[in-house]
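Participant: Below you'll find input-v8.csv; it's CSV, C-alpha atoms and all ligand atoms.
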chain,number,residue,atom,x,y,z
A,27,MET,CA,18.5,-22.8,-26.6
A,28,ASN,CA,19.7,-24.8,-23.6
A,29,GLY,CA,17.4,-24.0,-20.7
A,30,ILE,CA,20.2,-22.5,-18.7
A,31,THR,CA,19.5,-19.5,-16.4
A,32,ALA,CA,21.6,-17.7,-13.8
A,33,THR,CA,22.5,-14.3,-12.7
A,34,ALA,CA,25.8,-12.6,-13.6
A,35,ALA,CA,28.4,-12.2,-10.8
A,36,LYS,CA,31.0,-9.5,-10.5
A,37,TYR,CA,34.1,-10.6,-8.7
A,38,SER,CA,37.6,-9.3,-8.5
A,39,PRO,CA,40.6,-11.1,-10.1
A,40,SER,CA,42.4,-11.8,-6.8
A,41,GLU,CA,39.2,-13.0,-5.1
A,42,SER,CA,38.5,-15.3,-7.9
A,43,LEU,CA,41.6,-17.4,-7.7
A,44,ASN,CA,42.2,-20.0,-5.1
A,45,ASP,CA,43.6,-23.4,-5.3
A,46,ASP,CA,40.2,-25.0,-5.5
A,47,VAL,CA,39.2,-26.8,-8.6
A,48,VAL,CA,35.5,-26.4,-9.3
A,49,LYS,CA,33.7,-29.8,-9.3
A,50,ALA,CA,30.0,-30.7,-9.4
A,51,MET,CA,29.6,-34.5,-9.7
A,52,ARG,CA,29.8,-36.5,-6.5
A,53,SER,CA,30.4,-40.2,-6.2
A,54,ASP,CA,26.9,-40.8,-4.8
A,55,GLY,CA,25.3,-39.6,-8.1
A,56,THR,CA,24.3,-36.1,-6.7
A,57,LEU,CA,25.6,-32.8,-7.7
A,58,ASP,CA,27.2,-30.3,-5.4
A,59,PRO,CA,24.4,-27.7,-5.1
A,60,SER,CA,26.8,-24.7,-5.2
A,61,ASN,CA,28.2,-25.9,-8.6
A,62,ASP,CA,25.1,-27.5,-10.0
A,63,PRO,CA,24.2,-25.7,-13.3
A,64,ARG,CA,20.7,-27.0,-12.9
A,65,ILE,CA,20.2,-28.1,-16.5
A,66,SER,CA,17.2,-30.1,-17.6
A,67,ARG,CA,17.2,-33.9,-17.8
A,68,GLU,CA,16.6,-33.6,-21.5
A,69,LEU,CA,19.7,-31.4,-22.0
A,70,ALA,CA,21.8,-33.8,-19.9
A,71,VAL,CA,20.8,-36.7,-22.0
A,72,SER,CA,21.4,-34.8,-25.3
A,73,LEU,CA,24.8,-33.8,-24.1
A,74,TYR,CA,25.6,-37.4,-23.3
A,75,GLU,CA,24.5,-38.5,-26.7
A,76,ALA,CA,26.6,-35.8,-28.3
A,77,MET,CA,29.6,-37.0,-26.3
A,78,VAL,CA,29.2,-40.5,-27.5
A,79,ARG,CA,28.8,-39.3,-31.0
A,80,ILE,CA,32.1,-37.3,-31.0
A,81,ARG,CA,33.9,-40.2,-29.3
A,82,MET,CA,32.7,-42.5,-32.0
A,83,LEU,CA,33.6,-40.0,-34.7
A,84,ASP,CA,37.1,-39.8,-33.3
A,85,GLU,CA,37.6,-43.5,-33.4
A,86,ARG,CA,36.2,-43.8,-37.0
A,87,LEU,CA,38.2,-40.8,-38.3
A,88,VAL,CA,41.5,-42.3,-36.9
A,89,ALA,CA,40.6,-45.5,-38.7
A,90,LEU,CA,39.9,-43.7,-42.0
A,91,GLN,CA,43.3,-41.9,-41.7
A,92,ARG,CA,45.1,-45.2,-41.1
A,93,GLN,CA,43.3,-46.7,-44.2
A,94,GLY,CA,44.5,-43.8,-46.3
A,95,ARG,CA,41.0,-42.5,-46.9
A,96,ILE,CA,41.5,-39.1,-45.2
A,97,GLY,CA,44.8,-37.3,-44.7
A,98,PHE,CA,44.7,-36.2,-41.1
A,99,HIS,CA,42.6,-36.1,-37.9
A,100,ILE,CA,43.1,-34.2,-34.7
A,101,GLY,CA,40.7,-35.4,-32.0
A,102,SER,CA,39.2,-34.6,-28.7
A,103,TYR,CA,39.4,-38.1,-27.0
A,104,GLY,CA,39.3,-37.4,-23.3
A,105,GLU,CA,38.4,-33.7,-23.6
A,106,GLU,CA,34.8,-34.1,-24.6
A,107,ALA,CA,33.3,-32.8,-21.4
A,108,ALA,CA,35.4,-29.6,-21.5
A,109,ILE,CA,34.4,-29.0,-25.1
A,110,LEU,CA,30.7,-29.9,-25.0
A,111,GLY,CA,30.1,-28.4,-21.6
A,112,SER,CA,31.5,-25.0,-22.6
A,113,ALA,CA,29.6,-25.0,-25.9
A,114,ALA,CA,26.4,-25.9,-24.2
A,115,ALA,CA,26.7,-22.9,-21.9
A,116,LEU,CA,26.7,-20.5,-24.8
A,117,ARG,CA,23.7,-18.4,-25.7
A,118,PRO,CA,22.4,-18.5,-29.3
A,119,ASN,CA,24.0,-15.1,-30.2
A,120,ASP,CA,27.4,-15.9,-28.9
A,121,TRP,CA,30.4,-16.8,-31.1
A,122,LEU,CA,33.1,-19.4,-30.9
A,123,PHE,CA,36.7,-18.9,-31.9
A,124,PRO,CA,38.1,-22.4,-31.9
A,125,CYS,CA,41.5,-24.0,-31.7
A,126,TYR,CA,41.4,-27.3,-33.7
A,127,ARG,CA,40.1,-29.9,-31.4
A,128,GLU,CA,36.5,-28.6,-31.0
A,129,PHE,CA,34.5,-30.3,-33.8
A,130,GLY,CA,32.2,-31.4,-31.0
A,131,ALA,CA,31.4,-27.8,-30.2
A,132,ALA,CA,30.7,-27.0,-33.9
A,133,LEU,CA,28.4,-30.0,-34.2
A,134,TRP,CA,26.6,-29.1,-31.0
A,135,ARG,CA,26.1,-25.5,-32.3
A,136,GLY,CA,24.6,-26.8,-35.5
A,137,MET,CA,27.3,-27.7,-38.0
A,138,SER,CA,26.0,-30.8,-39.8
A,139,LEU,CA,27.8,-34.0,-39.8
A,140,GLU,CA,27.7,-33.9,-43.6
A,141,SER,CA,29.5,-30.6,-43.7
A,142,TYR,CA,32.1,-31.7,-41.2
A,143,LEU,CA,32.8,-34.8,-43.3
A,144,ASN,CA,32.9,-32.8,-46.5
A,145,ASN,CA,35.8,-31.0,-44.9
A,146,MET,CA,37.5,-34.2,-43.7
A,147,PHE,CA,37.5,-35.5,-47.3
A,148,GLY,CA,38.2,-32.1,-48.8
A,149,ASN,CA,35.6,-32.7,-51.4
A,150,ALA,CA,33.7,-30.3,-53.8
A,151,ASN,CA,31.1,-29.6,-51.1
A,152,ASP,CA,33.6,-28.7,-48.4
A,153,PRO,CA,32.9,-25.1,-47.2
A,154,ALA,CA,36.7,-24.6,-47.3
A,155,LYS,CA,36.7,-25.9,-50.9
A,156,GLY,CA,39.4,-28.5,-50.1
A,157,ARG,CA,42.0,-25.8,-49.7
A,158,GLN,CA,42.6,-26.6,-46.0
A,159,MET,CA,43.8,-29.6,-44.2
A,160,PRO,CA,41.1,-31.9,-42.8
A,161,ASP,CA,39.7,-30.7,-39.5
A,162,HIS,CA,39.8,-27.1,-40.7
A,163,TYR,CA,36.0,-26.7,-40.9
A,164,THR,CA,34.0,-23.6,-40.5
A,165,CYS,CA,30.3,-22.9,-40.0
A,166,LYS,CA,28.9,-19.3,-40.1
A,167,ALA,CA,25.4,-20.5,-39.2
A,168,ALA,CA,26.7,-22.1,-36.0
A,169,LYS,CA,28.7,-18.9,-35.3
A,170,PHE,CA,31.8,-21.0,-35.4
A,171,THR,CA,34.7,-19.3,-37.1
A,172,SER,CA,37.3,-21.2,-39.2
A,173,ILE,CA,40.0,-23.1,-37.4
A,174,SER,CA,43.2,-21.2,-36.7
A,175,SER,CA,46.2,-23.5,-37.0
A,176,PRO,CA,48.9,-21.0,-35.9
A,177,ILE,CA,48.8,-21.3,-32.2
A,178,GLY,CA,46.9,-18.6,-30.3
A,179,THR,CA,45.7,-16.5,-33.3
A,180,GLN,CA,42.1,-17.2,-32.5
A,181,ILE,CA,42.5,-15.5,-29.1
A,182,THR,CA,43.1,-12.0,-30.6
A,183,GLN,CA,40.4,-12.6,-33.2
A,184,ALA,CA,37.9,-13.4,-30.4
A,185,VAL,CA,38.9,-10.3,-28.5
A,186,GLY,CA,38.7,-8.0,-31.5
A,187,PHE,CA,35.3,-9.4,-32.5
A,188,ALA,CA,34.0,-9.0,-29.0
A,189,TRP,CA,35.3,-5.4,-28.8
A,190,GLY,CA,33.6,-4.6,-32.1
A,191,ALA,CA,30.4,-6.1,-30.9
A,192,LYS,CA,30.6,-4.2,-27.6
A,193,SER,CA,31.2,-0.9,-29.4
A,194,GLN,CA,28.1,-1.6,-31.5
A,195,LYS,CA,26.2,-2.5,-28.4
A,196,GLU,CA,25.4,-6.0,-29.6
A,197,ASP,CA,24.5,-8.5,-27.0
A,198,LEU,CA,27.0,-11.2,-27.7
A,199,VAL,CA,30.0,-12.9,-26.0
A,200,THR,CA,32.9,-14.6,-27.7
A,201,LEU,CA,34.4,-17.8,-26.3
A,202,THR,CA,37.8,-18.8,-27.5
A,203,TYR,CA,39.4,-22.3,-27.0
A,204,PHE,CA,43.1,-22.9,-26.7
A,205,GLY,CA,45.5,-25.4,-25.2
A,206,GLU,CA,47.8,-24.6,-22.3
A,207,GLY,CA,50.6,-24.5,-24.7
A,208,ALA,CA,49.0,-21.5,-26.4
A,209,THR,CA,49.4,-19.6,-23.1
A,210,SER,CA,53.1,-19.2,-24.1
A,211,SER,CA,52.2,-17.5,-27.4
A,212,ASN,CA,52.3,-13.8,-28.1
A,213,GLU,CA,48.7,-13.9,-29.1
A,214,PHE,CA,47.7,-15.0,-25.6
A,215,HIS,CA,49.4,-12.0,-24.1
A,216,ASN,CA,48.0,-9.6,-26.6
A,217,GLY,CA,44.5,-11.0,-26.3
A,218,MET,CA,44.5,-11.2,-22.5
A,219,ASN,CA,45.8,-7.7,-22.0
A,220,PHE,CA,43.5,-6.1,-24.5
A,221,ALA,CA,40.5,-8.0,-23.3
A,222,ALA,CA,41.1,-7.0,-19.7
A,223,VAL,CA,41.9,-3.4,-20.4
A,224,PHE,CA,38.9,-2.9,-22.7
A,225,LYS,CA,36.7,-5.2,-20.7
A,226,THR,CA,35.7,-7.1,-23.9
A,227,PRO,CA,32.9,-9.7,-23.5
A,228,THR,CA,35.2,-12.7,-24.0
A,229,VAL,CA,35.6,-16.1,-22.3
A,230,MET,CA,39.2,-17.4,-22.5
A,231,PHE,CA,38.8,-21.2,-22.3
A,232,CYS,CA,42.0,-23.0,-21.8
A,233,ARG,CA,41.9,-26.8,-22.2
A,234,ASN,CA,44.8,-27.8,-20.0
A,235,ASN,CA,45.1,-31.3,-21.5
A,236,GLY,CA,48.6,-31.9,-20.1
A,237,TRP,CA,50.5,-31.8,-23.4
A,238,ALA,CA,51.5,-29.5,-26.2
A,239,ILE,CA,52.4,-32.2,-28.7
A,240,SER,CA,55.4,-33.7,-26.7
A,241,VAL,CA,55.9,-30.9,-24.2
A,242,PRO,CA,54.3,-31.7,-20.8
A,243,SER,CA,52.3,-28.9,-19.2
A,244,GLU,CA,54.8,-28.7,-16.2
A,245,LYS,CA,57.5,-27.7,-18.7
A,246,GLN,CA,55.3,-25.1,-20.4
A,247,THR,CA,55.3,-22.5,-17.7
A,248,ALA,CA,57.0,-21.5,-14.4
A,249,SER,CA,53.7,-20.2,-13.1
A,250,ALA,CA,51.9,-22.3,-10.4
A,251,THR,CA,48.9,-22.8,-12.7
A,252,PHE,CA,47.6,-21.6,-16.0
A,253,ALA,CA,44.7,-19.8,-14.4
A,254,VAL,CA,47.0,-17.6,-12.3
A,255,LYS,CA,48.1,-15.9,-15.5
A,256,GLY,CA,44.7,-14.3,-15.8
A,257,VAL,CA,45.1,-12.6,-12.4
A,258,ALA,CA,48.2,-10.8,-13.6
A,259,TYR,CA,46.2,-9.4,-16.5
A,260,GLY,CA,43.5,-8.3,-14.2
A,261,MET,CA,40.7,-10.8,-14.9
A,262,PRO,CA,38.9,-13.3,-12.8
A,263,SER,CA,40.3,-16.8,-13.3
A,264,VAL,CA,38.9,-20.2,-12.4
A,265,ARG,CA,40.1,-23.7,-12.5
A,266,VAL,CA,37.6,-26.4,-13.2
A,267,ASP,CA,37.5,-30.2,-13.4
A,268,GLY,CA,37.4,-30.4,-17.2
A,269,ASN,CA,36.1,-33.9,-17.1
A,270,ASP,CA,33.0,-32.9,-15.1
A,271,ILE,CA,30.5,-31.6,-17.6
A,272,PHE,CA,28.3,-30.1,-15.0
A,273,ALA,CA,31.1,-28.1,-13.4
A,274,VAL,CA,32.3,-26.9,-16.9
A,275,ILE,CA,28.8,-25.7,-17.8
A,276,LYS,CA,28.5,-23.9,-14.5
A,277,VAL,CA,31.8,-22.0,-14.7
A,278,THR,CA,31.4,-21.2,-18.4
A,279,ARG,CA,27.9,-20.0,-18.0
A,280,ASP,CA,29.0,-17.7,-15.1
A,281,ALA,CA,31.8,-16.3,-17.3
A,282,ILE,CA,29.4,-15.7,-20.2
A,283,LEU,CA,26.9,-13.9,-18.0
A,284,ARG,CA,29.5,-11.8,-16.4
A,285,ALA,CA,30.9,-10.8,-19.8
A,286,ALA,CA,27.4,-10.1,-21.1
A,287,ALA,CA,26.7,-7.9,-18.1
A,288,GLY,CA,29.7,-5.7,-19.0
A,289,PHE,CA,32.1,-6.9,-16.4
A,290,GLY,CA,34.7,-8.2,-19.0
A,291,PRO,CA,36.6,-11.4,-19.6
A,292,THR,CA,37.3,-14.5,-17.5
A,293,LEU,CA,40.0,-17.1,-17.9
A,294,ILE,CA,38.9,-20.7,-17.4
A,295,GLU,CA,41.5,-23.4,-17.0
A,296,ALA,CA,39.8,-26.7,-17.6
A,297,LEU,CA,41.9,-29.6,-16.2
A,298,THR,CA,41.6,-32.5,-18.6
A,299,TYR,CA,43.8,-35.0,-20.5
A,300,ARG,CA,44.7,-35.6,-24.1
A,301,MET,CA,44.1,-39.4,-24.1
A,302,SER,CA,45.4,-40.0,-27.6
A,303,GLY,CA,48.3,-38.6,-29.6
A,304,HIS,CA,48.4,-34.9,-30.6
A,305,SER,CA,47.0,-35.9,-34.0
A,306,THR,CA,47.2,-38.8,-36.4
A,307,SER,CA,50.7,-37.5,-37.3
A,308,ASP,CA,51.9,-38.2,-33.8
A,309,ASP,CA,53.0,-41.2,-31.8
A,310,PRO,CA,52.8,-40.4,-28.1
A,311,LYS,CA,54.5,-43.7,-27.2
A,312,ALA,CA,57.8,-42.0,-28.2
A,313,TYR,CA,57.6,-39.5,-25.3
A,314,ARG,CA,54.9,-40.5,-22.9
A,315,PRO,CA,54.7,-43.4,-20.5
A,316,ASP,CA,51.4,-45.2,-20.3
A,317,ASP,CA,50.8,-44.8,-16.5
A,318,ALA,CA,49.3,-41.3,-16.7
A,319,VAL,CA,47.0,-42.4,-19.5
A,320,VAL,CA,45.8,-45.3,-17.4
A,321,GLU,CA,45.3,-42.9,-14.4
A,322,TRP,CA,43.3,-40.4,-16.4
A,323,GLY,CA,41.4,-43.2,-18.0
A,324,LYS,CA,39.8,-43.7,-14.6
A,325,ARG,CA,38.4,-40.2,-14.8
A,326,ASP,CA,37.1,-40.6,-18.4
A,327,PRO,CA,34.5,-37.9,-18.9
A,328,LEU,CA,32.2,-40.1,-20.9
A,329,MET,CA,32.2,-42.9,-18.3
A,330,ARG,CA,31.7,-40.4,-15.4
A,331,PHE,CA,28.8,-38.8,-17.2
A,332,ARG,CA,27.2,-42.1,-18.0
A,333,LYS,CA,27.5,-43.3,-14.4
A,334,HIS,CA,25.9,-40.1,-13.2
A,335,LEU,CA,22.9,-40.5,-15.6
A,336,GLU,CA,22.5,-44.1,-14.7
A,337,MET,CA,22.5,-43.3,-11.0
A,338,ASN,CA,19.7,-40.8,-11.6
A,339,GLY,CA,17.6,-43.2,-13.7
A,340,LEU,CA,18.3,-41.4,-17.0
A,341,TRP,CA,20.4,-44.0,-18.7
A,342,ASN,CA,20.8,-47.8,-19.0
A,343,GLU,CA,22.4,-50.5,-21.0
A,344,ALA,CA,19.5,-50.9,-23.4
A,345,LYS,CA,19.6,-47.2,-24.2
A,346,GLN,CA,23.4,-47.4,-24.7
A,347,VAL,CA,23.1,-50.3,-27.1
A,348,GLU,CA,20.4,-48.4,-29.1
A,349,LEU,CA,22.5,-45.2,-29.2
A,350,ASP,CA,25.7,-47.0,-30.3
A,351,ALA,CA,23.9,-48.7,-33.2
A,352,ARG,CA,22.1,-45.5,-34.2
A,353,VAL,CA,25.2,-43.3,-34.1
A,354,ASP,CA,27.4,-45.9,-35.8
A,355,ALA,CA,24.9,-46.1,-38.7
A,356,GLU,CA,24.6,-42.4,-38.9
A,357,ILE,CA,28.4,-42.0,-39.1
A,358,ARG,CA,28.8,-44.8,-41.6
A,359,ASP,CA,26.1,-43.4,-43.9
A,360,ALA,CA,27.5,-39.9,-43.8
A,361,ILE,CA,31.0,-41.2,-44.6
A,362,THR,CA,29.7,-43.2,-47.5
A,363,VAL,CA,28.1,-40.1,-48.9
A,364,ALA,CA,31.0,-37.7,-48.3
A,365,GLU,CA,33.5,-40.1,-49.7
A,366,LYS,CA,31.7,-40.4,-53.0
A,367,VAL,CA,31.6,-36.6,-53.7
A,368,ALA,CA,34.3,-35.6,-56.2
A,369,PRO,CA,37.2,-33.3,-55.2
A,370,PRO,CA,36.8,-29.6,-56.0
A,371,ALA,CA,37.5,-28.8,-59.6
A,372,LEU,CA,41.1,-27.7,-60.0
A,373,GLU,CA,40.2,-24.2,-61.3
A,374,THR,CA,38.4,-23.4,-58.1
A,375,MET,CA,41.8,-22.9,-56.7
A,376,PHE,CA,41.9,-19.5,-58.5
A,377,GLU,CA,38.5,-18.3,-57.2
A,378,ASP,CA,37.6,-16.0,-54.2
A,379,VAL,CA,40.7,-13.8,-54.2
A,380,TYR,CA,40.4,-11.4,-57.2
A,381,GLU,CA,37.2,-9.9,-58.4
A,382,SER,CA,38.7,-10.3,-61.9
A,383,VAL,CA,41.4,-12.8,-62.1
A,384,PRO,CA,44.7,-11.3,-63.4
A,385,TRP,CA,46.0,-12.5,-66.8
A,386,HIS,CA,49.0,-14.4,-65.5
A,387,LEU,CA,46.7,-16.5,-63.2
A,388,ARG,CA,44.2,-17.1,-65.9
A,389,GLU,CA,47.1,-18.4,-68.0
A,390,GLN,CA,48.4,-20.6,-65.2
A,391,CYS,CA,44.9,-22.0,-64.7
A,392,ALA,CA,44.4,-22.8,-68.4
A,393,GLU,CA,47.8,-24.5,-68.5
A,394,MET,CA,46.9,-26.6,-65.4
A,395,VAL,CA,43.5,-27.6,-66.6
A,396,ALA,CA,45.0,-28.7,-70.0
A,397,GLY,CA,48.0,-30.5,-68.3
A,398,PRO,CA,48.6,-34.0,-66.9
A,399,ARG,CA,47.7,-33.1,-63.3
A,400,ALA,CA,44.1,-32.6,-64.3
A,401,LYS,CA,43.8,-36.3,-65.4
A,402,GLY,CA,41.6,-38.3,-63.2
A,403,HIS,CA,40.9,-35.3,-61.0
A,404,GLY,CA,37.3,-34.7,-60.0
A,405,GLY,CA,35.5,-32.2,-62.3
A,406,HIS,CA,37.7,-32.9,-65.4
B,1,LIG,C1,52.7,-20.5,-34.1
B,1,LIG,C2,52.7,-22.0,-34.1
B,1,LIG,N1,53.8,-22.6,-33.6
B,1,LIG,C3,53.9,-23.9,-33.6
B,1,LIG,C4,52.9,-24.7,-34.2
B,1,LIG,C5,52.9,-26.2,-34.1
B,1,LIG,N2,52.0,-26.7,-33.2
B,1,LIG,C6,50.8,-27.2,-33.5
B,1,LIG,S1,49.9,-27.7,-32.2
B,1,LIG,C7,51.1,-27.3,-31.1
B,1,LIG,C8,50.9,-27.6,-29.7
B,1,LIG,C9,49.8,-26.8,-29.1
B,1,LIG,O1,49.6,-27.3,-27.8
B,1,LIG,P1,48.4,-26.7,-26.9
B,1,LIG,O2,48.3,-25.2,-27.1
B,1,LIG,O3,48.6,-27.2,-25.5
B,1,LIG,O4,47.1,-27.4,-27.5
B,1,LIG,P2,46.7,-28.9,-27.7
B,1,LIG,O5,47.2,-29.4,-29.0
B,1,LIG,O6,47.3,-29.6,-26.5
B,1,LIG,O7,45.2,-28.9,-27.7
B,1,LIG,C10,52.2,-26.8,-31.8
B,1,LIG,C11,53.5,-26.4,-31.1
B,1,LIG,C12,51.8,-24.0,-34.7
B,1,LIG,N3,50.7,-24.6,-35.2
B,1,LIG,N4,51.7,-22.6,-34.6
Would you mind writing the file out in structure tokens?

Facilitator:
Amino acid sequence: MNGITATAAKYSPSESLNDDVVKAMRSDGTLDPSNDPRISRELAVSLYEAMVRIRMLDERLVALQRQGRIGFHIGSYGEEAAILGSAAALRPNDWLFPCYREFGAALWRGMSLESYLNNMFGNANDPAKGRQMPDHYTCKAAKFTSISSPIGTQITQAVGFAWGAKSQKEDLVTLTYFGEGATSSNEFHNGMNFAAVFKTPTVMFCRNNGWAISVPSEKQTASATFAVKGVAYGMPSVRVDGNDIFAVIKVTRDAILRAAAGFGPTLIEALTYRMSGHSTSDDPKAYRPDDAVVEWGKRDPLMRFRKHLEMNGLWNEAKQVELDARVDAEIRDAITVAEKVAPPALETMFEDVYESVPWHLREQCAEMVAGPRAKGHGGH
């Protein structure tokens, strides 16, 4: 799928952790040979294009929310390299157990833009049938499970799924995303302990984006780093520059191959930054000074990636202008289509739970469909 090859490495938890942060991109446009994932030029350009696409989607979806056309958006502005780099390292059979910021990974794995936007509008074609908030998409074909809003629950799901696959001798690895705030959850402890004890083929991908809504990462833990937590559970742990897509691919690929070879889980702490608010329901100006945002803006993953491609003759201004226009049109067209689709019919609310709907729910459904709430609602 991605032209990535490497051999699996076995290393002990304590050996794995040092204060170094894995980086690949150098200011002269070259890659550090020891951390170079050696991906093809085509893959690098596709990843850059995907990064631009999700950045533009983020901007557009925030605007749609502000215009009252969708109810909510939770984005990945600033965290695109961590998300796309890790998704690009997966093999086709591997599964993703997401948090809620990784729509870029779902799109990269094959979820269509149309399907994503159907969920954002909660329309009749939404795979979640409009029963979830926006940004609670799912795509089985992309091996991308549905979003877990309760913090950390996807971690135990990923571990259980991997354990099941291991017992059935299936060649697959699960990768689960979570923020550094989720390392304070019970699910993190349960998942980490079980994964390490049973050596499940799981990659624990922590996006340390500096914030858990308004709680800064330095107040989240008394540990020196988030990666060090993995050592206590007995698994190799690595810190990576989360805004360096090449380094992210390298460490994630190593962890996947290690897991697939039967050596168990790895914890990855990707150092990145949440450049916008937690979601469209949040105003970070209430708790965060602008200086850090300005500082991290200088390490913007998209800008760094573009610069690297330009220095290697793979990108230029004309290509950028063409890409911006193409992606803008693609997003606009897809929004126009998704917005026109009617909401799910009200009675669909009663589907998918009972094989035969009990009498009292049938009665409630009939009452609702005949009642005033149905007026003007799609499908009635
Ligand atoms: C069990 C639970 N408690 C609280 C919340 C409310 N909540 C939603 S997101 C969030 C912060 C999560 O921060 P982090 O894990 O660092 O992820 P990030 O949003 O930064 O990507 C909280 C507390 C929740 N969704 N679930």

Participant: Counting all atoms listed in the file, what is within 12 Å of Lys255 of chain A, bar same-chain residues fewer than 4 positions away, as a PyMOL selection string?

Facilitator: chain A and resi 39-40+43+206+209-210+214-215+218-219+230+232+247-251+259-265+292-295

Participant: Restricted to C-alpha atoms, what would the selected residues look like written as a PDB file, in the frame of the given file?

Facilitator:
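Heads up, here's the output in out.pdb:
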ATOM      1  CA  PRO A  39      40.600 -11.100 -10.100  1.00  0.00           C
ATOM      2  CA  SER A  40      42.400 -11.800  -6.800  1.00  0.00           C
ATOM      3  CA  LEU A  43      41.600 -17.400  -7.700  1.00  0.00           C
ATOM      4  CA  GLU A 206      47.800 -24.600 -22.300  1.00  0.00           C
ATOM      5  CA  THR A 209      49.400 -19.600 -23.100  1.00  0.00           C
ATOM      6  CA  SER A 210      53.100 -19.200 -24.100  1.00  0.00           C
ATOM      7  CA  PHE A 214      47.700 -15.000 -25.600  1.00  0.00           C
ATOM      8  CA  HIS A 215      49.400 -12.000 -24.100  1.00  0.00           C
ATOM      9  CA  MET A 218      44.500 -11.200 -22.500  1.00  0.00           C
ATOM     10  CA  ASN A 219      45.800  -7.700 -22.000  1.00  0.00           C
ATOM     11  CA  MET A 230      39.200 -17.400 -22.500  1.00  0.00           C
ATOM     12  CA  CYS A 232      42.000 -23.000 -21.800  1.00  0.00           C
ATOM     13  CA  THR A 247      55.300 -22.500 -17.700  1.00  0.00           C
ATOM     14  CA  ALA A 248      57.000 -21.500 -14.400  1.00  0.00           C
ATOM     15  CA  SER A 249      53.700 -20.200 -13.100  1.00  0.00           C
ATOM     16  CA  ALA A 250      51.900 -22.300 -10.400  1.00  0.00           C
ATOM     17  CA  THR A 251      48.900 -22.800 -12.700  1.00  0.00           C
ATOM     18  CA  TYR A 259      46.200  -9.400 -16.500  1.00  0.00           C
ATOM     19  CA  GLY A 260      43.500  -8.300 -14.200  1.00  0.00           C
ATOM     20  CA  MET A 261      40.700 -10.800 -14.900  1.00  0.00           C
ATOM     21  CA  PRO A 262      38.900 -13.300 -12.800  1.00  0.00           C
ATOM     22  CA  SER A 263      40.300 -16.800 -13.300  1.00  0.00           C
ATOM     23  CA  VAL A 264      38.900 -20.200 -12.400  1.00  0.00           C
ATOM     24  CA  ARG A 265      40.100 -23.700 -12.500  1.00  0.00           C
ATOM     25  CA  THR A 292      37.300 -14.500 -17.500  1.00  0.00           C
ATOM     26  CA  LEU A 293      40.000 -17.100 -17.900  1.00  0.00           C
ATOM     27  CA  ILE A 294      38.900 -20.700 -17.400  1.00  0.00           C
ATOM     28  CA  GLU A 295      41.500 -23.400 -17.000  1.00  0.00           C
TER      29      GLU A 295
END

Participant: Which residues, written as a ChimeraX atom specification, have at least one atom at most 10 Å from Asp309 of chain A, with only C-alpha atoms counted and residues fewer than 5 positions away on the same chain left out?

Facilitator: /A:239-240,302-304,314

Participant: My list of candidates is A:Asn269, A:Ser382, A:Asn149, A:Ser307. Which is closest to ligand LIG 1 (chain B) when distances are computed with all atoms listed in the file?

Facilitator: A:Ser307

Participant: For ligand LIG 1 (chain B), which residue out of A:Gly111, A:Gly205, A:Pro370, A:Gly186 is the nearest one, using only C-alpha atoms and all ligand atoms?

Facilitator: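 Among the listed residues, A:Gly205 lies closest to ligand LIG 1 (chain B).
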
Participant: Residues within 10 Å of ligand LIG 1 (chain B) (only C-alpha atoms and all ligand atoms), as a compact mmCIF listing (two decimals) with C-alpha atoms, keeping the file's coordinate frame?

Facilitator:
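Resulting contents of result_17.txt:
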# COMPACT_ATOMS: atom_id res chain seq x y z
CA ILE A 100 43.10 -34.20 -34.70
CA GLY A 101 40.70 -35.40 -32.00
CA SER A 102 39.20 -34.60 -28.70
CA GLU A 105 38.40 -33.70 -23.60
CA CYS A 125 41.50 -24.00 -31.70
CA TYR A 126 41.40 -27.30 -33.70
CA ARG A 127 40.10 -29.90 -31.40
CA GLU A 128 36.50 -28.60 -31.00
CA SER A 174 43.20 -21.20 -36.70
CA SER A 175 46.20 -23.50 -37.00
CA PRO A 176 48.90 -21.00 -35.90
CA ILE A 177 48.80 -21.30 -32.20
CA GLY A 178 46.90 -18.60 -30.30
CA THR A 179 45.70 -16.50 -33.30
CA TYR A 203 39.40 -22.30 -27.00
CA PHE A 204 43.10 -22.90 -26.70
CA GLY A 205 45.50 -25.40 -25.20
CA GLU A 206 47.80 -24.60 -22.30
CA GLY A 207 50.60 -24.50 -24.70
CA ALA A 208 49.00 -21.50 -26.40
CA THR A 209 49.40 -19.60 -23.10
CA SER A 210 53.10 -19.20 -24.10
CA SER A 211 52.20 -17.50 -27.40
CA ASN A 212 52.30 -13.80 -28.10
CA GLU A 213 48.70 -13.90 -29.10
CA CYS A 232 42.00 -23.00 -21.80
CA ARG A 233 41.90 -26.80 -22.20
CA ASN A 234 44.80 -27.80 -20.00
CA ASN A 235 45.10 -31.30 -21.50
CA GLY A 236 48.60 -31.90 -20.10
CA TRP A 237 50.50 -31.80 -23.40
CA ALA A 238 51.50 -29.50 -26.20
CA ILE A 239 52.40 -32.20 -28.70
CA SER A 240 55.40 -33.70 -26.70
CA VAL A 241 55.90 -30.90 -24.20
CA PRO A 242 54.30 -31.70 -20.80
CA SER A 243 52.30 -28.90 -19.20
CA GLN A 246 55.30 -25.10 -20.40
CA TYR A 299 43.80 -35.00 -20.50
CA ARG A 300 44.70 -35.60 -24.10
CA GLY A 303 48.30 -38.60 -29.60
CA HIS A 304 48.40 -34.90 -30.60
CA SER A 305 47.00 -35.90 -34.00

Participant: Counting only C-alpha atoms, write as an MDAnalysis selection string all protein and nucleic acid residues lying at most 10 Å from (33.0, -35.8, -49.2) in the file's frame.

Facilitator: chainID A and resid 96 140:152 156 360:370
